[in-house]
$ cat final.tsv   # TSV, C-alpha atoms and all ligand atoms
chain	number	residue	atom	x	y	z
A	17	MET	CA	-26.38	-78.20	-24.50
A	18	LYS	CA	-29.90	-79.51	-24.74
A	19	ILE	CA	-32.23	-82.37	-23.97
A	20	ARG	CA	-33.99	-83.91	-26.94
A	21	GLU	CA	-35.61	-87.17	-28.01
A	22	ALA	CA	-33.03	-89.72	-29.12
A	23	ASN	CA	-33.22	-91.06	-32.67
A	24	SER	CA	-31.70	-94.00	-34.51
A	25	PHE	CA	-28.55	-92.01	-35.46
A	26	ASP	CA	-27.67	-91.72	-31.76
A	27	LYS	CA	-27.29	-95.45	-31.28
A	28	ILE	CA	-23.55	-95.73	-31.93
A	29	PRO	CA	-22.38	-92.74	-29.84
A	30	VAL	CA	-24.73	-93.68	-26.98
A	31	LEU	CA	-23.81	-97.36	-26.87
A	32	LYS	CA	-20.17	-96.31	-26.71
A	33	PHE	CA	-20.73	-95.06	-23.15
A	34	CYS	CA	-23.27	-97.76	-22.23
A	35	LYS	CA	-21.03	-100.80	-22.58
A	36	ASP	CA	-19.21	-101.34	-19.32
A	37	THR	CA	-21.56	-99.45	-17.03
A	38	PHE	CA	-21.83	-102.26	-14.46
A	39	SER	CA	-19.54	-105.14	-13.49
A	40	TRP	CA	-21.60	-107.38	-15.79
A	41	GLY	CA	-21.83	-104.89	-18.68
A	42	ASP	CA	-25.07	-103.18	-19.65
A	43	TYR	CA	-28.44	-103.96	-21.22
A	44	VAL	CA	-29.08	-100.72	-23.12
A	45	ASP	CA	-28.04	-102.32	-26.44
A	46	LYS	CA	-30.79	-104.94	-26.01
A	47	VAL	CA	-33.56	-102.45	-25.30
A	48	TRP	CA	-32.42	-99.55	-27.50
A	49	SER	CA	-34.77	-100.14	-30.47
A	50	SER	CA	-37.72	-100.92	-28.30
A	51	TRP	CA	-37.20	-97.78	-26.14
A	52	LEU	CA	-36.87	-95.69	-29.31
A	53	GLU	CA	-40.12	-97.15	-30.54
A	54	GLU	CA	-41.89	-96.44	-27.24
A	55	GLY	CA	-40.62	-92.86	-27.32
A	56	ASN	CA	-39.52	-90.70	-24.40
A	57	LEU	CA	-35.92	-91.78	-24.69
A	58	PHE	CA	-34.31	-88.52	-23.65
A	59	LEU	CA	-30.81	-87.60	-24.65
A	60	PHE	CA	-28.55	-84.93	-23.22
A	61	GLU	CA	-26.36	-83.47	-25.93
A	62	LYS	CA	-23.28	-81.30	-25.74
A	63	GLN	CA	-21.56	-81.35	-29.14
A	64	PHE	CA	-22.37	-85.07	-28.97
A	65	PRO	CA	-24.58	-87.29	-26.79
A	66	VAL	CA	-23.36	-87.56	-23.18
A	67	GLY	CA	-26.38	-88.92	-21.32
A	68	ILE	CA	-29.68	-90.74	-21.71
A	69	CYS	CA	-32.75	-91.62	-19.67
A	70	HIS	CA	-35.93	-93.41	-20.68
A	71	ALA	CA	-39.36	-92.74	-19.23
A	72	PHE	CA	-42.51	-94.80	-19.46
A	73	TYR	CA	-45.76	-93.01	-18.65
A	74	SER	CA	-48.86	-94.91	-17.61
A	75	GLU	CA	-52.03	-93.96	-15.73
A	76	ASN	CA	-50.78	-91.71	-12.96
A	77	GLN	CA	-47.19	-92.89	-12.74
A	78	ILE	CA	-43.81	-92.35	-14.37
A	79	TRP	CA	-41.31	-95.16	-14.59
A	80	ILE	CA	-37.78	-93.87	-15.02
A	81	GLU	CA	-35.12	-96.25	-16.29
A	82	GLY	CA	-31.82	-96.44	-18.14
A	83	ILE	CA	-30.15	-93.34	-16.77
A	84	ARG	CA	-26.65	-93.43	-18.23
A	85	ILE	CA	-24.13	-90.62	-18.15
A	86	ASP	CA	-20.86	-90.80	-20.05
A	87	PRO	CA	-18.23	-91.37	-17.31
A	88	ASN	CA	-16.32	-88.30	-18.59
A	89	PHE	CA	-19.29	-86.07	-17.81
A	90	ARG	CA	-20.54	-87.28	-14.45
A	91	ARG	CA	-21.23	-84.97	-11.47
A	92	GLU	CA	-22.32	-82.18	-13.80
A	93	LYS	CA	-26.02	-82.61	-12.90
A	94	ILE	CA	-26.75	-84.13	-16.29
A	95	GLY	CA	-28.45	-87.18	-14.74
A	96	SER	CA	-30.50	-84.87	-12.49
A	97	LYS	CA	-31.55	-82.73	-15.44
A	98	LEU	CA	-32.66	-85.73	-17.47
A	99	VAL	CA	-34.78	-87.07	-14.60
A	100	THR	CA	-36.28	-83.64	-13.93
A	101	HIS	CA	-37.11	-83.32	-17.63
A	102	ALA	CA	-38.88	-86.70	-17.57
A	103	GLU	CA	-40.82	-85.64	-14.46
A	104	LEU	CA	-41.93	-82.35	-16.01
A	105	ILE	CA	-43.43	-84.16	-18.97
A	106	GLY	CA	-45.25	-86.55	-16.64
A	107	LYS	CA	-46.60	-83.72	-14.50
A	108	LYS	CA	-48.19	-82.21	-17.61
A	109	THR	CA	-50.25	-85.38	-17.96
A	110	ASN	CA	-51.06	-85.41	-14.25
A	111	ALA	CA	-48.67	-88.10	-13.10
A	112	LEU	CA	-48.78	-88.33	-9.31
A	113	PHE	CA	-45.83	-90.61	-8.66
A	114	SER	CA	-42.46	-91.30	-10.18
A	115	TYR	CA	-40.49	-94.49	-9.62
A	116	MET	CA	-37.07	-95.89	-10.33
A	117	LEU	CA	-35.36	-99.15	-9.49
A	118	ILE	CA	-31.78	-99.03	-8.25
A	119	ASP	CA	-29.39	-101.79	-7.27
A	120	THR	CA	-29.03	-101.52	-3.47
A	121	GLU	CA	-25.26	-101.23	-3.96
A	122	ASN	CA	-25.36	-98.46	-6.56
A	123	THR	CA	-24.50	-95.62	-4.18
A	124	PRO	CA	-24.04	-92.88	-6.83
A	125	SER	CA	-27.47	-93.53	-8.28
A	126	ILE	CA	-29.16	-93.80	-4.86
A	127	SER	CA	-27.51	-90.50	-3.85
A	128	MET	CA	-28.74	-88.86	-7.03
A	129	ALA	CA	-32.27	-90.19	-6.47
A	130	ASN	CA	-32.23	-88.95	-2.85
A	131	SER	CA	-30.99	-85.55	-3.99
A	132	LEU	CA	-34.02	-85.41	-6.31
A	133	ASN	CA	-36.35	-86.27	-3.40
A	134	TYR	CA	-36.93	-89.92	-4.21
A	135	GLU	CA	-37.37	-92.08	-1.13
A	136	LEU	CA	-36.73	-95.73	-0.53
A	137	PHE	CA	-40.17	-97.29	-0.86
A	138	GLU	CA	-39.53	-101.04	-0.90
A	139	ILE	CA	-36.68	-103.49	-1.34
A	140	TRP	CA	-37.11	-106.22	-3.95
A	141	ASN	CA	-34.99	-109.32	-4.49
A	142	PHE	CA	-34.10	-110.70	-7.87
A	143	TYR	CA	-33.64	-114.45	-8.40
A	144	SER	CA	-33.00	-116.39	-11.56
A	145	LEU	CA	-34.46	-119.84	-12.06
A	146	ILE	CA	-33.34	-122.37	-14.64
A	147	PRO	CA	-36.10	-123.94	-16.78
A	148	LYS	CA	-36.35	-127.70	-16.30
A	149	ILE	CA	-38.77	-130.53	-17.06
A	150	ASN	CA	-40.59	-131.03	-13.82
A	151	SER	CA	-43.95	-132.72	-13.56
A	152	ASP	CA	-44.13	-132.70	-9.78
A	153	HIS	CA	-46.22	-129.64	-9.02
A	154	LYS	CA	-49.67	-128.82	-7.82
A	155	ILE	CA	-50.87	-125.36	-8.69
A	156	GLU	CA	-54.09	-123.76	-9.80
A	157	PHE	CA	-54.91	-120.69	-11.79
A	158	ALA	CA	-56.12	-118.07	-9.36
A	159	LYS	CA	-59.59	-116.66	-9.97
A	160	SER	CA	-58.94	-113.73	-7.69
A	161	VAL	CA	-56.04	-112.35	-5.67
A	162	PRO	CA	-56.17	-110.43	-2.43
A	163	SER	CA	-54.82	-107.04	-3.58
A	164	ASN	CA	-52.86	-106.67	-0.34
A	165	LEU	CA	-50.59	-109.48	-1.60
A	166	PHE	CA	-49.80	-107.56	-4.77
A	167	PRO	CA	-50.10	-103.80	-4.41
A	168	TYR	CA	-47.50	-103.81	-7.22
A	169	TYR	CA	-46.58	-106.22	-9.96
A	170	VAL	CA	-43.70	-106.31	-12.40
A	171	ASN	CA	-44.24	-106.05	-16.11
A	172	SER	CA	-41.09	-106.02	-18.26
A	173	TRP	CA	-38.97	-104.85	-15.32
A	174	ARG	CA	-41.34	-102.00	-14.54
A	175	TRP	CA	-43.31	-101.91	-11.33
A	176	PHE	CA	-46.99	-100.99	-11.69
A	177	SER	CA	-49.42	-100.36	-8.88
A	178	THR	CA	-52.38	-102.71	-9.11
A	179	ASN	CA	-56.07	-102.47	-8.44
A	180	GLU	CA	-58.93	-104.97	-8.44
A	181	LYS	CA	-59.44	-104.64	-12.19
A	182	ILE	CA	-55.78	-105.15	-13.14
A	183	LEU	CA	-55.54	-108.21	-10.90
A	184	SER	CA	-58.78	-109.72	-12.12
A	185	ASP	CA	-57.73	-109.18	-15.77
A	186	LEU	CA	-54.47	-110.99	-15.05
A	187	CYS	CA	-56.45	-113.84	-13.45
A	188	LEU	CA	-58.77	-114.04	-16.46
A	189	LYS	CA	-55.73	-114.40	-18.72
A	190	ASN	CA	-54.43	-117.25	-16.51
A	191	LYS	CA	-51.39	-115.18	-15.59
A	192	VAL	CA	-51.80	-115.75	-11.86
A	193	ILE	CA	-50.95	-119.12	-10.38
A	194	LYS	CA	-51.25	-120.18	-6.81
A	195	SER	CA	-50.48	-123.05	-4.53
A	196	SER	CA	-52.15	-123.43	-1.16
A	197	LEU	CA	-51.46	-125.95	1.58
A	198	ASP	CA	-52.27	-125.99	5.31
A	199	GLY	CA	-53.69	-122.47	5.19
A	200	LYS	CA	-50.49	-121.10	3.59
A	201	ILE	CA	-50.33	-119.72	0.09
A	202	SER	CA	-47.79	-118.74	-2.56
A	203	VAL	CA	-48.86	-116.78	-5.61
A	204	ALA	CA	-47.04	-115.81	-8.81
A	205	ILE	CA	-47.92	-113.42	-11.61
A	206	VAL	CA	-46.22	-114.39	-14.85
A	207	GLY	CA	-45.49	-112.36	-17.95
A	208	ASP	CA	-43.12	-111.88	-20.84
A	209	TYR	CA	-40.20	-109.48	-20.87
A	210	LYS	CA	-41.17	-107.25	-23.77
A	211	HIS	CA	-37.62	-106.07	-24.39
A	212	HIS	CA	-35.78	-109.36	-24.14
A	213	GLU	CA	-37.26	-112.37	-25.81
A	214	LYS	CA	-37.60	-115.82	-24.27
A	215	THR	CA	-37.55	-114.35	-20.77
A	216	LEU	CA	-40.31	-115.13	-18.29
A	217	ILE	CA	-40.79	-112.47	-15.62
A	218	VAL	CA	-42.46	-113.47	-12.38
A	219	THR	CA	-43.74	-111.35	-9.51
A	220	LEU	CA	-43.85	-113.68	-6.54
A	221	PHE	CA	-45.42	-113.80	-3.12
A	222	SER	CA	-44.09	-116.70	-1.12
A	223	GLY	CA	-46.04	-117.87	1.93
A	224	SER	CA	-44.38	-121.20	2.74
A	225	PHE	CA	-41.65	-123.57	1.58
A	226	GLU	CA	-44.04	-126.25	0.30
A	227	THR	CA	-46.27	-123.89	-1.65
A	228	LEU	CA	-43.25	-122.08	-3.10
A	229	SER	CA	-41.79	-125.43	-4.09
A	230	ASN	CA	-44.93	-126.15	-6.15
A	231	ILE	CA	-44.77	-122.76	-7.83
A	232	ILE	CA	-41.08	-123.16	-8.67
A	233	SER	CA	-41.55	-126.60	-10.19
A	234	TYR	CA	-44.48	-125.35	-12.22
A	235	LEU	CA	-42.55	-122.34	-13.51
A	236	GLN	CA	-39.57	-124.46	-14.52
A	237	ASN	CA	-41.75	-126.85	-16.44
A	238	TYR	CA	-43.88	-124.10	-17.98
A	239	ALA	CA	-40.72	-122.37	-19.23
A	240	ILE	CA	-39.55	-125.56	-20.96
A	241	GLU	CA	-42.94	-126.15	-22.54
A	242	LYS	CA	-43.20	-122.56	-23.79
A	243	ASN	CA	-39.59	-122.35	-24.90
A	244	TYR	CA	-38.40	-119.68	-22.47
A	245	GLU	CA	-34.65	-119.60	-21.94
A	246	ARG	CA	-34.67	-117.89	-18.57
A	247	ILE	CA	-36.96	-117.17	-15.65
A	248	GLN	CA	-36.50	-113.98	-13.65
A	249	ILE	CA	-38.25	-113.78	-10.28
A	250	LEU	CA	-38.89	-110.55	-8.38
A	251	THR	CA	-40.08	-110.83	-4.83
A	252	LYS	CA	-40.06	-108.92	-1.57
A	253	GLU	CA	-39.32	-112.12	0.34
A	254	LYS	CA	-35.97	-113.78	0.87
A	255	LEU	CA	-36.49	-117.22	-0.67
A	256	SER	CA	-35.30	-120.54	0.73
A	257	SER	CA	-32.66	-122.42	-1.26
A	258	PHE	CA	-33.87	-124.51	-4.15
A	259	ASP	CA	-31.94	-126.38	-6.76
A	260	SER	CA	-31.67	-124.15	-9.90
A	261	LEU	CA	-32.78	-121.03	-8.04
A	262	GLU	CA	-30.09	-118.40	-7.71
A	263	TYR	CA	-30.21	-115.16	-5.76
A	264	LYS	CA	-28.83	-112.35	-7.94
A	265	ILE	CA	-29.21	-108.91	-6.38
A	266	SER	CA	-31.60	-106.68	-4.48
A	267	PHE	CA	-33.08	-103.44	-5.67
A	268	ASN	CA	-34.38	-100.33	-4.01
A	269	LEU	CA	-37.71	-99.34	-5.46
A	270	MET	CA	-37.52	-95.56	-5.14
A	271	LYS	CA	-40.66	-93.45	-5.15
A	272	LYS	CA	-41.37	-89.75	-5.37
A	273	THR	CA	-44.70	-88.04	-4.94
A	274	LEU	CA	-44.96	-85.34	-7.56
A	275	ILE	CA	-47.55	-83.00	-6.15
A	301	LIG	C1	-25.78	-92.43	-11.33
A	301	LIG	C2	-25.53	-91.44	-12.48
A	301	LIG	C3	-26.68	-91.57	-13.46
A	301	LIG	C4	-25.48	-90.02	-11.90
A	301	LIG	O1	-25.43	-89.09	-12.96
A	301	LIG	P1	-24.68	-87.69	-12.79
A	301	LIG	O2	-25.05	-86.85	-13.95
A	301	LIG	O3	-23.23	-87.94	-12.57
A	301	LIG	O4	-25.32	-87.18	-11.44
A	301	LIG	P2	-25.59	-85.67	-11.01
A	301	LIG	O5	-24.41	-84.82	-11.41
A	301	LIG	O6	-26.92	-85.23	-11.50
A	301	LIG	O7	-25.62	-85.84	-9.43
A	301	LIG	C5	-26.56	-85.22	-8.61
A	301	LIG	C6	-26.24	-85.55	-7.17
A	301	LIG	O8	-26.30	-86.97	-6.98
A	301	LIG	C7	-25.27	-87.36	-6.05
A	301	LIG	N1	-24.24	-88.15	-6.75
A	301	LIG	C8	-24.12	-88.39	-8.07
A	301	LIG	N2	-23.05	-89.18	-8.31
A	301	LIG	C9	-22.50	-89.46	-7.12
A	301	LIG	C10	-21.37	-90.22	-6.71
A	301	LIG	N3	-20.59	-90.87	-7.60
A	301	LIG	N4	-21.11	-90.31	-5.40
A	301	LIG	C11	-21.87	-89.68	-4.48
A	301	LIG	N5	-22.95	-88.91	-4.81
A	301	LIG	C12	-23.25	-88.80	-6.10
A	301	LIG	C13	-24.66	-86.07	-5.54
A	301	LIG	O9	-25.44	-85.64	-4.44
A	301	LIG	C14	-24.85	-85.17	-6.73
A	301	LIG	O10	-24.81	-83.80	-6.39
A	301	LIG	P3	-23.38	-83.08	-6.21
A	301	LIG	O11	-22.54	-83.44	-7.41
A	301	LIG	O12	-23.76	-81.61	-6.16
A	301	LIG	O13	-22.80	-83.58	-4.93
A	301	LIG	C15	-24.17	-91.72	-13.17
A	301	LIG	O14	-23.18	-91.89	-12.19
A	301	LIG	C16	-24.16	-92.96	-14.06
A	301	LIG	O15	-24.43	-92.89	-15.26
A	301	LIG	N6	-23.87	-94.12	-13.45
A	301	LIG	C17	-23.85	-95.37	-14.16
A	301	LIG	C18	-25.23	-95.83	-14.59
A	301	LIG	C19	-26.19	-95.93	-13.43
A	301	LIG	O16	-25.87	-96.37	-12.35
A	301	LIG	N7	-27.44	-95.55	-13.73
A	301	LIG	C20	-28.50	-95.58	-12.79
A	301	LIG	C21	-29.12	-96.90	-12.81
A	301	LIG	S1	-30.48	-96.95	-11.70

$ encode --input "final.tsv" --output "structure tokens"
Amino acid sequence: MKIREANSFDKIPVLKFCKDTFSWGDYVDKVWSSWLEEGNLFLFEKQFPVGICHAFYSENQIWIEGIRIDPNFRREKIGSKLVTHAELIGKKTNALFSYMLIDTENTPSISMANSLNYELFEIWNFYSLIPKINSDHKIEFAKSVPSNLFPYYVNSWRWFSTNEKILSDLCLKNKVIKSSLDGKISVAIVGDYKHHEKTLIVTLFSGSFETLSNIISYLQNYAIEKNYERIQILTKEKLSSFDSLEYKISFNLMKKTLI
């Protein structure tokens, strides 16, 4: 029994237990090569692979994702050992915080995270939006963003804490759009999903129906123009109903302080 880095030969045995993980299937097959390339794709091996977990290290944080344990080997602390392994590596490079994102209804995973001293930090809602030609929108590219609106933003389904520099770089790249009306404001940070092409990922702050409506129309049209097939919106707010906007699920953003 050991934990090691996964390699390309592990793909077939690993994907065998990462097919029907959730009611809708799984996404590990789509991200496998890109996680291998990034490194830190940890694999728990008995005589054969029985569990995986991927970690992404940046600045002072660890992002833990893709914990999958073969159903025949659950409740043997394999998931816990993989996460602890990922944390130990991060601690060596002075990571201060570790995060994971868990579907609010995934009780086993939330229990495991709690048992490893992760706490519920924030709840985020996931909406999908269908691209559509839509010329009726009034937005501007933000030149600055109050950092209290976005202490975190989502990049390729990973949450990163922001600071003035990160936000102003995003503004400079025209990645931050805003709509303001009657003293109310909605703001969106847009980006690509590195591991799944043609997917636009949006971190959204919604301040009013009208301003959100502008942002939504803009995003739909932008996606058509840039050939995106899907728009995925992550927001802390519960959004009003809009045509083509569908609420999917909510996630617990779990956080652990490592020191
Ligand atoms: C969630 C998952 C990763 C847990 O892996 P695991 O190796 O079975 O978990 P562990 O044995 O390390 O569990 C540690 C603790 O977590 C809690 N826990 C784990 N699974 C649980 C379950 N099904 N029900 C209740 N508590 C559970 C328990 O407190 C457990 O300690 P205990 O067995 O001494 O009571 C595994 O069930 C899995 O692969 N699920 C499908 C994929 C998934 O949901 N991944 C996480 C996405 S965020």

$ axis_aligned_box --input "final.tsv" --around "stretch 233-247 of chain A" --padding-each-side "6 Å" --output "JSON"
{"center_x": -39.6, "center_y": -122.0, "center_z": -17.5, "size_x": 21.8, "size_y": 21.7, "size_z": 26.7}

$ residues_near_ligand --input "final.tsv" --ligand "ligand LIG 301 (chain A)" --cutoff "7 Å" --atoms "only C-alpha atoms and all ligand atoms" --output "list in words"
Thr37, Glu81, Gly82, Ile83, Arg84, Ile85, Asp86, Pro87, Phe89, Arg90, Arg91, Glu92, Lys93, Ile94, Gly95, Ser96, Lys97, Met116, Leu117, Ile118, Asp119, Asn122, Thr123, Pro124, Ser125, Ser127, Met128, Ala129 and Ser131 of chain A

$ residues_near_point --input "final.tsv" --point "(-21.9, -81.9, -24.9)" --cutoff "12 Å" --atoms "only C-alpha atoms" --output "list in words"
Met17, Lys18, Ile19, Pro29, Leu59, Phe60, Glu61, Lys62, Gln63, Phe64, Pro65, Val66, Gly67, Ile85, Asp86, Asn88, Phe89, Arg90, Glu92 and Ile94 of chain A

$ residues_around --input "final.tsv" --residues "A:Ile265" --least-positions-apart "2" --cutoff "12 Å" --atoms "only C-alpha atoms" --output "ChimeraX atom specification"
/A:117-122,139-144,248-252,254,262-263,267-268

$ closest_residue --input "final.tsv" --among "A:Leu216, A:Val206, A:Ile247, A:Leu269" --to "A:Lys189" --atoms "all atoms listed in the file"
A:Val206

$ closest_residue --input "final.tsv" --among "A:Asn150, A:Ser163, A:Ser172, A:Ser266" --to "A:His211" --atoms "only C-alpha atoms"
A:Ser172

$ residues_around --input "final.tsv" --residues "A:Trp175" --least-positions-apart "5" --cutoff "10 Å" --atoms "only C-alpha atoms" --output "MDAnalysis selection string"
chainID A and resid 77 79 115:117 167:170 219 269

$ residues_around --input "final.tsv" --residues "A:Ile105" --least-positions-apart "5" --cutoff "10 Å" --atoms "only C-alpha atoms" --output "list in words"
Asn56, Ala71, Tyr73, Ile78, Thr100, Asn110 and Ala111 of chain A

$ write_last_selection --input "final.tsv" --atoms "C-alpha atoms" --output "compact mmCIF listing (two decimals), in the coordinates of the input"
# COMPACT_ATOMS: atom_id res chain seq x y z
CA ASN A 56 -39.52 -90.70 -24.40
CA ALA A 71 -39.36 -92.74 -19.23
CA TYR A 73 -45.76 -93.01 -18.65
CA ILE A 78 -43.81 -92.35 -14.37
CA THR A 100 -36.28 -83.64 -13.93
CA ASN A 110 -51.06 -85.41 -14.25
CA ALA A 111 -48.67 -88.10 -13.10

$ atom_distance --input "final.tsv" --atom1 "atom CA of A:Arg174" --atom2 "atom CA of A:Tyr209"
9.9 Å

$ residues_around --input "final.tsv" --residues "A:Ile28" --least-positions-apart "2" --cutoff "12 Å" --atoms "all atoms listed in the file" --output "number ranges by chain"
A: 22-26, 30-35, 44-45, 48, 64-66

$ write_last_selection --input "final.tsv" --atoms "C-alpha atoms" --output "PDB file, keeping the file's coordinate frame"
ATOM      1  CA  ALA A  22     -33.030 -89.720 -29.120  1.00  0.00           C
ATOM      2  CA  ASN A  23     -33.220 -91.060 -32.670  1.00  0.00           C
ATOM      3  CA  SER A  24     -31.700 -94.000 -34.510  1.00  0.00           C
ATOM      4  CA  PHE A  25     -28.550 -92.010 -35.460  1.00  0.00           C
ATOM      5  CA  ASP A  26     -27.670 -91.720 -31.760  1.00  0.00           C
ATOM      6  CA  VAL A  30     -24.730 -93.680 -26.980  1.00  0.00           C
ATOM      7  CA  LEU A  31     -23.810 -97.360 -26.870  1.00  0.00           C
ATOM      8  CA  LYS A  32     -20.170 -96.310 -26.710  1.00  0.00           C
ATOM      9  CA  PHE A  33     -20.730 -95.060 -23.150  1.00  0.00           C
ATOM     10  CA  CYS A  34     -23.270 -97.760 -22.230  1.00  0.00           C
ATOM     11  CA  LYS A  35     -21.030-100.800 -22.580  1.00  0.00           C
ATOM     12  CA  VAL A  44     -29.080-100.720 -23.120  1.00  0.00           C
ATOM     13  CA  ASP A  45     -28.040-102.320 -26.440  1.00  0.00           C
ATOM     14  CA  TRP A  48     -32.420 -99.550 -27.500  1.00  0.00           C
ATOM     15  CA  PHE A  64     -22.370 -85.070 -28.970  1.00  0.00           C
ATOM     16  CA  PRO A  65     -24.580 -87.290 -26.790  1.00  0.00           C
ATOM     17  CA  VAL A  66     -23.360 -87.560 -23.180  1.00  0.00           C
TER      18      VAL A  66
END

$ atom_distance --input "final.tsv" --atom1 "atom CA of A:Asp185" --atom2 "atom CA of A:Phe221"
18.2 Å

$ closest_residue --input "final.tsv" --among "A:Leu228, A:Leu98, A:Leu235, A:Leu136" --to "A:Leu197" --atoms "all atoms listed in the file"
A:Leu228

$ atom_distance --input "final.tsv" --atom1 "atom CA of A:Ala158" --atom2 "atom CA of A:Ile205"
9.7 Å

$ closest_residue --input "final.tsv" --among "A:Ile80, A:Ile217, A:Ala102, A:Ile193" --to "A:Lys154" --atoms "all atoms listed in the file"
A:Ile193

$ closest_residue --input "final.tsv" --among "A:Met270, A:Asp36, A:Ser233, A:Lys159" --to "A:Leu188" --atoms "only C-alpha atoms"
A:Lys159

$ build_atoms --input "final.tsv" --residues "stretch 160-176 of chain A" --atoms "N, CA and C atoms" --output "short mmCIF file (atom, residue, chain, number, x, y, z; two decimals), in the frame of the given file"
data_model
loop_
_atom_site.label_atom_id
_atom_site.label_comp_id
_atom_site.auth_asym_id
_atom_site.auth_seq_id
_atom_site.Cartn_x
_atom_site.Cartn_y
_atom_site.Cartn_z
N SER A 160 -59.03 -115.07 -8.27
CA SER A 160 -58.94 -113.73 -7.69
C SER A 160 -57.70 -113.70 -6.80
N VAL A 161 -57.23 -112.49 -6.52
CA VAL A 161 -56.04 -112.35 -5.67
C VAL A 161 -56.33 -111.26 -4.65
N PRO A 162 -56.03 -111.53 -3.39
CA PRO A 162 -56.17 -110.43 -2.43
C PRO A 162 -55.19 -109.31 -2.82
N SER A 163 -55.70 -108.09 -3.03
CA SER A 163 -54.82 -107.04 -3.58
C SER A 163 -53.74 -106.63 -2.58
N ASN A 164 -53.94 -107.00 -1.28
CA ASN A 164 -52.86 -106.67 -0.34
C ASN A 164 -51.61 -107.52 -0.57
N LEU A 165 -51.77 -108.66 -1.28
CA LEU A 165 -50.59 -109.48 -1.60
C LEU A 165 -49.78 -108.83 -2.72
N PHE A 166 -50.47 -108.15 -3.61
CA PHE A 166 -49.80 -107.56 -4.77
C PHE A 166 -50.23 -106.11 -4.99
N PRO A 167 -49.80 -105.21 -4.12
CA PRO A 167 -50.10 -103.80 -4.41
C PRO A 167 -49.36 -103.35 -5.67
N TYR A 168 -48.28 -104.08 -6.00
CA TYR A 168 -47.50 -103.81 -7.22
C TYR A 168 -47.23 -105.11 -7.93
N TYR A 169 -47.10 -105.05 -9.25
CA TYR A 169 -46.58 -106.22 -9.96
C TYR A 169 -45.62 -105.74 -11.04
N VAL A 170 -44.77 -106.68 -11.48
CA VAL A 170 -43.70 -106.31 -12.40
C VAL A 170 -44.07 -106.73 -13.81
N ASN A 171 -43.99 -105.76 -14.70
CA ASN A 171 -44.24 -106.05 -16.11
C ASN A 171 -43.02 -105.51 -16.88
N SER A 172 -42.28 -106.41 -17.50
CA SER A 172 -41.09 -106.02 -18.26
C SER A 172 -40.13 -105.15 -17.44
N TRP A 173 -39.88 -105.55 -16.23
CA TRP A 173 -38.97 -104.85 -15.32
C TRP A 173 -39.45 -103.45 -14.97
N ARG A 174 -40.76 -103.25 -15.03
CA ARG A 174 -41.34 -102.00 -14.54
C ARG A 174 -42.39 -102.38 -13.50
N TRP A 175 -42.38 -101.63 -12.42
CA TRP A 175 -43.31 -101.91 -11.33
C TRP A 175 -44.57 -101.06 -11.54
N PHE A 176 -45.73 -101.72 -11.51
CA PHE A 176 -46.99 -100.99 -11.69
C PHE A 176 -47.87 -101.22 -10.47
#
